[in-house]
$ cat start22.txt   # compact mmCIF, C-alpha atoms and all ligand atoms
# COMPACT_ATOMS: atom_id res chain seq x y z
CA MET A 2 8.19 -2.73 -17.13
CA ASP A 3 11.36 -0.63 -17.00
CA ALA A 4 13.97 -1.38 -14.33
CA THR A 5 15.59 2.05 -14.76
CA LEU A 6 12.59 3.60 -12.99
CA LEU A 7 13.50 1.96 -9.69
CA PRO A 8 14.50 4.72 -7.23
CA LYS A 9 18.23 4.36 -6.53
CA SER A 10 17.77 4.76 -2.79
CA TRP A 11 15.57 1.65 -2.46
CA PRO A 12 17.53 -1.14 -0.76
CA VAL A 13 16.51 -3.92 -3.14
CA ASP A 14 18.53 -6.74 -1.52
CA GLN A 15 17.11 -5.96 1.91
CA ILE A 16 13.58 -5.68 0.51
CA LEU A 17 13.86 -9.11 -1.13
CA ASN A 18 15.42 -10.64 1.96
CA ASP A 19 12.76 -9.23 4.34
CA LEU A 20 9.94 -10.41 2.10
CA ASP A 21 11.48 -13.85 1.94
CA GLN A 22 12.11 -14.12 5.71
CA ARG A 23 9.11 -12.28 7.19
CA GLY A 24 6.71 -11.59 4.34
CA PHE A 25 6.92 -7.83 4.84
CA THR A 26 9.31 -4.89 4.66
CA ILE A 27 9.40 -1.11 5.07
CA ILE A 28 10.96 1.45 2.72
CA ASP A 29 11.52 4.82 4.43
CA GLN A 30 12.24 8.13 2.68
CA ALA A 31 10.95 6.54 -0.49
CA TYR A 32 10.87 9.68 -2.64
CA SER A 33 12.22 13.23 -2.94
CA ALA A 34 10.50 16.06 -1.10
CA ASP A 35 9.45 17.57 -4.44
CA TYR A 36 7.78 14.36 -5.56
CA THR A 37 5.94 13.78 -2.28
CA HIS A 38 4.71 17.35 -2.37
CA ALA A 39 3.37 16.94 -5.91
CA LEU A 40 1.65 13.70 -4.90
CA VAL A 41 -0.07 15.31 -1.90
CA GLU A 42 -1.27 18.10 -4.20
CA GLU A 43 -2.66 15.60 -6.69
CA CYS A 44 -4.40 13.66 -3.93
CA MET A 45 -5.84 16.73 -2.17
CA SER A 46 -7.10 18.31 -5.38
CA ASN A 47 -9.12 15.17 -6.14
CA LEU A 48 -10.55 14.56 -2.64
CA THR A 49 -14.10 15.46 -3.66
CA GLN A 50 -14.11 12.49 -6.05
CA PHE A 51 -13.22 9.92 -3.37
CA ARG A 52 -15.95 7.33 -2.75
CA ASN A 53 -16.96 5.49 0.40
CA ALA A 54 -14.88 2.29 0.25
CA ALA A 55 -17.41 0.35 2.33
CA ILE A 56 -19.96 0.41 -0.51
CA GLN A 57 -19.28 -2.05 -3.33
CA ASN A 58 -21.96 -2.80 -5.93
CA GLY A 59 -24.48 -1.05 -3.70
CA VAL A 60 -23.73 -3.33 -0.73
CA ILE A 61 -22.37 -1.86 2.51
CA ASN A 62 -19.58 -3.76 4.25
CA ASN A 63 -18.88 -2.23 7.66
CA ILE A 64 -15.36 -3.63 7.85
CA ARG A 65 -13.95 -0.27 6.68
CA SER A 66 -14.86 3.43 6.72
CA ASP A 67 -12.17 5.07 4.53
CA HIS A 68 -12.73 6.80 1.17
CA ILE A 69 -10.90 5.83 -2.01
CA LEU A 70 -10.17 6.91 -5.58
CA TRP A 71 -8.88 4.34 -8.09
CA ILE A 72 -5.79 5.57 -9.95
CA ASN A 73 -6.06 5.83 -13.73
CA GLU A 74 -3.79 7.42 -16.35
CA GLY A 75 -5.23 10.87 -15.63
CA LEU A 76 -3.51 10.89 -12.22
CA GLU A 77 -0.04 11.51 -13.65
CA VAL A 78 1.93 12.04 -10.47
CA ALA A 79 0.61 8.83 -8.91
CA GLN A 80 1.48 6.99 -12.14
CA GLU A 81 5.18 7.57 -11.45
CA HIS A 82 4.81 5.74 -8.14
CA LEU A 83 3.12 2.83 -9.92
CA GLN A 84 6.05 2.71 -12.36
CA SER A 85 8.52 2.49 -9.47
CA LEU A 86 6.49 -0.39 -8.05
CA SER A 87 6.46 -2.10 -11.46
CA SER A 88 10.24 -1.89 -11.56
CA LEU A 89 10.43 -3.39 -8.09
CA ALA A 90 8.06 -6.13 -9.24
CA GLU A 91 10.60 -7.07 -11.92
CA GLN A 92 13.08 -7.76 -9.14
CA PHE A 93 10.51 -9.94 -7.33
CA ASN A 94 9.89 -11.83 -10.52
CA ARG A 95 13.59 -12.48 -10.93
CA ALA A 96 14.13 -13.50 -7.32
CA PHE A 97 10.94 -15.45 -6.60
CA TYR A 98 9.46 -16.28 -10.03
CA ALA A 99 6.47 -14.28 -8.76
CA GLY A 100 4.98 -13.79 -12.24
CA ILE A 101 3.73 -10.27 -11.42
CA ASP A 102 2.28 -8.69 -14.54
CA ASP A 103 0.09 -5.83 -13.33
CA VAL A 104 -0.20 -3.11 -10.69
CA GLU A 105 -3.55 -1.72 -9.52
CA ALA A 106 -3.89 1.05 -6.96
CA HIS A 107 -6.16 3.54 -5.26
CA PHE A 108 -5.69 6.61 -3.12
CA ALA A 109 -7.22 6.24 0.33
CA CYS A 110 -8.26 8.89 2.81
CA TYR A 111 -9.04 8.00 6.43
CA ASN A 112 -10.59 10.95 8.23
CA ALA A 113 -10.60 11.12 12.04
CA GLY A 114 -12.55 8.14 13.41
CA GLU A 115 -12.06 5.96 10.31
CA PHE A 116 -10.46 2.49 10.24
CA TYR A 117 -10.17 -0.79 8.33
CA ALA A 118 -10.81 -3.89 10.47
CA LEU A 119 -8.82 -7.16 10.31
CA HIS A 120 -8.67 -8.61 6.81
CA ARG A 121 -6.46 -10.17 4.15
CA ASP A 122 -6.16 -8.55 0.70
CA ASN A 123 -6.03 -11.98 -0.92
CA PRO A 124 -7.65 -14.64 1.29
CA GLN A 125 -6.99 -18.23 0.15
CA GLY A 126 -5.55 -17.13 -3.18
CA LYS A 127 -8.98 -16.03 -4.40
CA ASN A 128 -7.62 -13.14 -6.49
CA GLY A 129 -4.38 -12.29 -8.31
CA ARG A 130 -2.91 -10.04 -5.59
CA VAL A 131 0.60 -11.14 -4.59
CA ILE A 132 2.13 -8.14 -2.80
CA SER A 133 0.38 -5.16 -1.18
CA ALA A 134 2.27 -1.86 -1.10
CA VAL A 135 0.93 0.98 1.02
CA TYR A 136 2.56 4.40 0.59
CA TYR A 137 1.82 7.07 3.22
CA LEU A 138 1.73 10.45 1.57
CA HIS A 139 0.48 12.97 4.16
CA GLU A 140 3.29 15.46 4.81
CA THR A 141 3.38 15.14 8.58
CA TRP A 142 2.35 12.40 10.99
CA GLN A 143 2.58 12.26 14.78
CA ASP A 144 2.93 9.06 16.79
CA ASP A 145 -0.25 9.77 18.79
CA TRP A 146 -2.50 10.22 15.74
CA GLY A 147 -3.49 6.52 15.62
CA GLY A 148 -3.97 5.02 12.17
CA GLU A 149 -1.26 2.39 12.66
CA LEU A 150 -1.02 -0.60 10.36
CA HIS A 151 -1.20 -3.72 12.53
CA LEU A 152 0.21 -6.70 10.59
CA GLN A 153 0.85 -10.37 11.30
CA ASP A 154 3.99 -11.52 9.49
CA LYS A 155 4.46 -14.93 7.89
CA ASN A 156 6.00 -16.25 11.14
CA ASN A 157 2.81 -15.20 13.00
CA GLN A 158 4.49 -12.26 14.76
CA TRP A 159 2.49 -9.04 15.04
CA HIS A 160 3.97 -5.65 14.10
CA ILE A 161 2.69 -2.12 14.59
CA ILE A 162 3.73 0.12 11.72
CA GLN A 163 3.32 3.88 12.04
CA PRO A 164 1.99 5.49 8.86
CA LYS A 165 5.01 7.81 8.70
CA SER A 166 5.23 10.27 5.84
CA ASN A 167 7.04 9.04 2.73
CA ARG A 168 7.09 5.42 3.96
CA ILE A 169 6.07 2.32 2.00
CA ALA A 170 4.89 -0.82 3.81
CA LEU A 171 5.16 -3.86 1.51
CA PHE A 172 3.65 -7.19 2.52
CA GLN A 173 2.33 -10.46 1.13
CA SER A 174 -1.31 -9.94 0.23
CA ASP A 175 -2.37 -13.11 2.08
CA LEU A 176 -1.25 -11.76 5.49
CA LEU A 177 -3.74 -10.65 8.16
CA HIS A 178 -3.73 -6.89 8.90
CA GLU A 179 -5.82 -3.92 9.98
CA VAL A 180 -5.73 -0.13 10.10
CA LEU A 181 -6.39 1.19 13.60
CA GLU A 182 -8.69 4.17 13.97
CA ALA A 183 -7.07 7.37 12.71
CA LYS A 184 -7.31 10.52 14.83
CA HIS A 185 -6.24 12.81 11.97
CA GLN A 186 -6.65 12.77 8.21
CA ARG A 187 -4.44 9.93 6.89
CA LEU A 188 -3.61 9.84 3.17
CA SER A 189 -2.16 6.85 1.34
CA ILE A 190 -1.94 4.89 -1.87
CA THR A 191 -2.64 1.18 -1.60
CA ALA A 192 -1.23 -0.73 -4.58
CA TRP A 193 -1.33 -4.43 -5.40
CA LEU A 194 1.26 -6.22 -7.50
CA ARG A 195 -0.76 -8.85 -9.33
CA ASN A 196 -0.23 -12.14 -11.06
CA ASP A 197 -3.33 -12.93 -13.06
CA ASN A 198 -1.89 -15.68 -15.25
CA ASN A 199 -0.89 -18.37 -12.84
CA ILE A 200 -3.94 -18.89 -10.67
CA TRP A 201 -4.64 -22.54 -10.18
C1 LIG A 301 -5.73 -1.80 2.41
C2 LIG A 301 -4.95 -1.72 3.67
C3 LIG A 301 -3.31 -0.61 5.03
C4 LIG A 301 -2.87 0.79 5.38
O1 LIG A 301 -5.92 -0.74 1.76
O2 LIG A 301 -6.15 -2.91 2.04
O3 LIG A 301 -4.95 -2.70 4.39
O4 LIG A 301 -1.97 0.91 6.24
N1 LIG A 301 -4.24 -0.63 3.95
O5 LIG A 301 -3.44 1.73 4.85
MN MN A 302 -5.48 -4.45 3.28

$ encode --input "start22.txt" --output "structure tokens" --more "lines below"
Ligand code: OGA
Ligand code: MN
Amino acid sequence: MDATLLPKSWPVDQILNDLDQRGFTIIDQAYSADYTHALVEECMSNLTQFRNAAIQNGVINNIRSDHILWINEGLEVAQEHLQSLSSLAEQFNRAFYAGIDDVEAHFACYNAGEFYALHRDNPQGKNGRVISAVYYLHETWQDDWGGELHLQDKNNQWHIIQPKSNRIALFQSDLLHEVLEAKHQRLSITAWLRNDNNIW
């Protein structure tokens, strides 16, 4: 992991402090306009390959109705985002001994009427996910388009986070959260910073 890939505008001290105090933080204006544009293009040009996220191993789980595409090396623009997150993970490792050693991610598309009901990304430490990072990549978003992220922080306070363009919501993967029904197409990348070595 290469620390030089951390975007200079990211307020690392505040990110670490928020995660420590509340278990979540927001990074606004995460990337340049050129980069966000390229990412939207990459996402939109692959939309036909997105799969129904509710179906896993042939079993339907009605908790969610979005469509996803896992990010592999072929998705080069998205890879740059994963590298930025890896660099940020190095800072977490230094500050919290978090032991993060991997990043996994998928694009997600919520069309009008789609949602993701209350859940935790890592309930009771059952998988290696430590931090969830959701980047909102649609180029415009209006406050009345729904699709908010509703999140309970580590002090049990609830927050409503608008999926504003070019915003990253970062939170502990064990926290309870949901995506309210979107009224417009909502595009994102969900990434998880993982620690797969220290599960006990
Ligand atoms: C998820 C998730 C939140 C969001 O993908 O697990 O909770 O705001 N996403 O898209
Ligand atoms: Mn989630």

$ closest_atom_pairs --input "start22.txt" --of "region 26-53 of chain A" --to "region 16-20 of chain A" --cutoff "10 Å" --atoms "only C-alpha atoms" --output "CSV"
residue,atom,partner,partner_atom,distance
A:Thr26,CA,A:Asp19,CA,5.6
A:Ile27,CA,A:Ile16,CA,7.7
A:Ile28,CA,A:Ile16,CA,7.9

$ residues_near_ligand --input "start22.txt" --ligand "ligand MN 302 (chain A)" --cutoff "7 Å" --atoms "only C-alpha atoms and all ligand atoms" --output "list in words"
His120, Arg121, Asp122, His178 and Glu179 of chain A

$ residues_near_ligand --input "start22.txt" --ligand "ligand LIG 301 (chain A)" --cutoff "8 Å" --atoms "all atoms listed in the file" --output "list in words"
Ala109, Tyr117, His120, Arg121, Asp122, Ser133, Val135, Tyr136, Tyr137, Gly148, Glu149, Leu150, His151, Ile162, Pro164, Ala170, His178, Glu179, Val180, Ser189, Ile190, Thr191 and Ala192 of chain A

$ axis_aligned_box --input "start22.txt" --around "region 160-179 of chain A" --padding-each-side "5 Å" --output "lines of an AutoDock Vina configuration file"
center_x = 0.6
center_y = -1.4
center_z = 7.4
size_x = 22.9
size_y = 33.4
size_z = 24.4

$ closest_residue --input "start22.txt" --among "A:Ala79, A:Lys165, A:Gly114, A:Asn196" --to "Tyr98 (chain A)" --atoms "all atoms listed in the file"
A:Asn196

$ closest_atom_pairs --input "start22.txt" --of "region 101-193 of chain A" --to "region 56-69 of chain A" --cutoff "7 Å" --atoms "all atoms listed in the file" --output "Markdown table"
| residue | atom | partner | partner_atom | distance |
| --- | --- | --- | --- | --- |
| A:His107 | CA | A:Ile69 | CA | 6.2 |
| A:Phe108 | CA | A:Ile69 | CA | 5.4 |
| A:Ala109 | CA | A:Ile69 | CA | 4.4 |
| A:Cys110 | CA | A:His68 | CA | 5.2 |
| A:Tyr111 | CA | A:Asp67 | CA | 4.7 |
| A:Glu115 | CA | A:Ser66 | CA | 5.2 |
| A:Phe116 | CA | A:Arg65 | CA | 5.7 |
| A:Tyr117 | CA | A:Arg65 | CA | 4.2 |
| A:Ala118 | CA | A:Ile64 | CA | 5.3 |

$ write_last_selection --input "start22.txt" --atoms "C-alpha atoms" --output "PDB file, keeping the file's coordinate frame"
ATOM      1  CA  HIS A 107      -6.160   3.540  -5.260  1.00  0.00           C
ATOM      2  CA  PHE A 108      -5.690   6.610  -3.120  1.00  0.00           C
ATOM      3  CA  ALA A 109      -7.220   6.240   0.330  1.00  0.00           C
ATOM      4  CA  CYS A 110      -8.260   8.890   2.810  1.00  0.00           C
ATOM      5  CA  TYR A 111      -9.040   8.000   6.430  1.00  0.00           C
ATOM      6  CA  GLU A 115     -12.060   5.960  10.310  1.00  0.00           C
ATOM      7  CA  PHE A 116     -10.460   2.490  10.240  1.00  0.00           C
ATOM      8  CA  TYR A 117     -10.170  -0.790   8.330  1.00  0.00           C
ATOM      9  CA  ALA A 118     -10.810  -3.890  10.470  1.00  0.00           C
TER      10      ALA A 118
END

$ atom_distance --input "start22.txt" --atom1 "CA of Leu7 (chain A)" --atom2 "CA of Glu74 (chain A)"
19.3 Å

$ closest_residue --input "start22.txt" --among "A:Leu89, A:Cys44, A:Ala113, A:Leu83" --to "Pro12 (chain A)" --atoms "all atoms listed in the file"
A:Leu89

$ residues_near_point --input "start22.txt" --point "(1.9, -10.7, -11.6)" --cutoff "12 Å" --atoms "all atoms listed in the file" --output "number ranges by chain"
A: 2, 86-87, 89-95, 97-105, 128-133, 193-200

$ residues_around --input "start22.txt" --residues "Leu6 (chain A)" --least-positions-apart "6" --cutoff "7 Å" --atoms "only C-alpha atoms" --output "list of chain:residue names"
A:Gln84, A:Ser85, A:Ser88

$ residues_around --input "start22.txt" --residues "Asn157 (chain A)" --least-positions-apart "6" --cutoff "12 Å" --atoms "all atoms listed in the file" --output "number ranges by chain"
A: 22-25, 176-178

$ closest_residue --input "start22.txt" --among "A:Ser174, A:Thr37, A:Ser10, A:Gln143" --to "Lys155 (chain A)" --atoms "all atoms listed in the file"
A:Ser174

$ build_atoms --input "start22.txt" --residues "region 180-191 of chain A" --atoms "all heavy atoms" --output "CSV table (one decimal), keeping the file's coordinate frame"
chain,number,residue,atom,x,y,z
A,180,VAL,N,-6.1,-1.5,9.9
A,180,VAL,CA,-5.7,-0.1,10.1
A,180,VAL,C,-6.5,0.4,11.3
A,180,VAL,O,-7.7,0.4,11.3
A,180,VAL,CB,-6.1,0.8,8.9
A,180,VAL,CG1,-5.7,2.2,9.2
A,180,VAL,CG2,-5.4,0.2,7.6
A,181,LEU,N,-5.7,0.7,12.4
A,181,LEU,CA,-6.4,1.2,13.6
A,181,LEU,C,-7.0,2.6,13.4
A,181,LEU,O,-6.6,3.3,12.4
A,181,LEU,CB,-5.4,1.2,14.7
A,181,LEU,CG,-4.7,-0.1,15.0
A,181,LEU,CD1,-3.7,0.0,16.2
A,181,LEU,CD2,-5.7,-1.2,15.3
A,182,GLU,N,-8.0,2.9,14.2
A,182,GLU,CA,-8.7,4.2,14.0
A,182,GLU,C,-7.7,5.4,13.9
A,182,GLU,O,-6.9,5.5,14.8
A,182,GLU,CB,-9.7,4.3,15.1
A,182,GLU,CG,-10.6,5.5,15.0
A,182,GLU,CD,-11.5,5.7,16.1
A,182,GLU,OE1,-12.1,4.7,16.6
A,182,GLU,OE2,-11.6,6.8,16.6
A,183,ALA,N,-7.9,6.2,12.9
A,183,ALA,CA,-7.1,7.4,12.7
A,183,ALA,C,-7.7,8.5,13.5
A,183,ALA,O,-8.9,8.6,13.6
A,183,ALA,CB,-7.0,7.8,11.2
A,184,LYS,N,-6.8,9.4,14.1
A,184,LYS,CA,-7.3,10.5,14.8
A,184,LYS,C,-7.1,11.8,14.0
A,184,LYS,O,-7.5,12.9,14.5
A,184,LYS,CB,-6.6,10.6,16.2
A,184,LYS,CG,-6.8,9.4,17.0
A,184,LYS,CD,-6.4,9.7,18.5
A,184,LYS,CE,-6.8,8.5,19.4
A,184,LYS,NZ,-5.6,7.6,19.7
A,185,HIS,N,-6.5,11.7,12.8
A,185,HIS,CA,-6.2,12.8,12.0
A,185,HIS,C,-6.4,12.3,10.5
A,185,HIS,O,-6.3,11.1,10.3
A,185,HIS,CB,-4.8,13.2,12.2
A,185,HIS,CG,-4.6,14.5,12.9
A,185,HIS,ND1,-4.4,15.7,12.2
A,185,HIS,CD2,-4.7,14.8,14.2
A,185,HIS,CE1,-4.3,16.7,13.1
A,185,HIS,NE2,-4.5,16.2,14.3
A,186,GLN,N,-6.5,13.2,9.6
A,186,GLN,CA,-6.6,12.8,8.2
A,186,GLN,C,-5.4,12.0,7.8
A,186,GLN,O,-4.3,12.6,8.0
A,186,GLN,CB,-6.9,14.0,7.3
A,186,GLN,CG,-7.2,13.5,5.9
A,186,GLN,CD,-7.4,14.7,5.0
A,186,GLN,OE1,-6.5,15.5,4.7
A,186,GLN,NE2,-8.6,14.9,4.5
A,187,ARG,N,-5.6,10.8,7.2
A,187,ARG,CA,-4.4,9.9,6.9
A,187,ARG,C,-4.6,9.6,5.4
A,187,ARG,O,-5.6,9.0,5.0
A,187,ARG,CB,-4.6,8.7,7.7
A,187,ARG,CG,-3.6,7.5,7.5
A,187,ARG,CD,-4.2,6.3,8.2
A,187,ARG,NE,-3.3,5.2,8.4
A,187,ARG,CZ,-3.2,4.2,7.5
A,187,ARG,NH1,-3.9,4.2,6.4
A,187,ARG,NH2,-2.4,3.2,7.8
A,188,LEU,N,-3.5,10.0,4.6
A,188,LEU,CA,-3.6,9.8,3.2
A,188,LEU,C,-2.6,8.8,2.7
A,188,LEU,O,-1.5,8.7,3.2
A,188,LEU,CB,-3.3,11.2,2.5
A,188,LEU,CG,-4.1,12.4,2.9
A,188,LEU,CD1,-3.6,13.6,2.2
A,188,LEU,CD2,-5.6,12.1,2.4
A,189,SER,N,-3.0,7.9,1.8
A,189,SER,CA,-2.2,6.8,1.3
A,189,SER,C,-2.5,6.4,-0.1
A,189,SER,O,-3.5,6.8,-0.6
A,189,SER,CB,-2.3,5.6,2.3
A,189,SER,OG,-3.7,5.2,2.3
A,190,ILE,N,-1.6,5.6,-0.7
A,190,ILE,CA,-1.9,4.9,-1.9
A,190,ILE,C,-1.8,3.4,-1.5
A,190,ILE,O,-0.7,3.0,-1.1
A,190,ILE,CB,-1.0,5.3,-3.0
A,190,ILE,CG1,-1.3,6.7,-3.5
A,190,ILE,CG2,-1.3,4.3,-4.2
A,190,ILE,CD1,-0.3,7.2,-4.6
A,191,THR,N,-2.8,2.6,-1.7
A,191,THR,CA,-2.6,1.2,-1.6
A,191,THR,C,-2.5,0.7,-3.0
A,191,THR,O,-3.3,1.0,-3.9
A,191,THR,CB,-3.8,0.5,-0.9
A,191,THR,OG1,-4.0,1.0,0.4
A,191,THR,CG2,-3.6,-1.0,-0.9
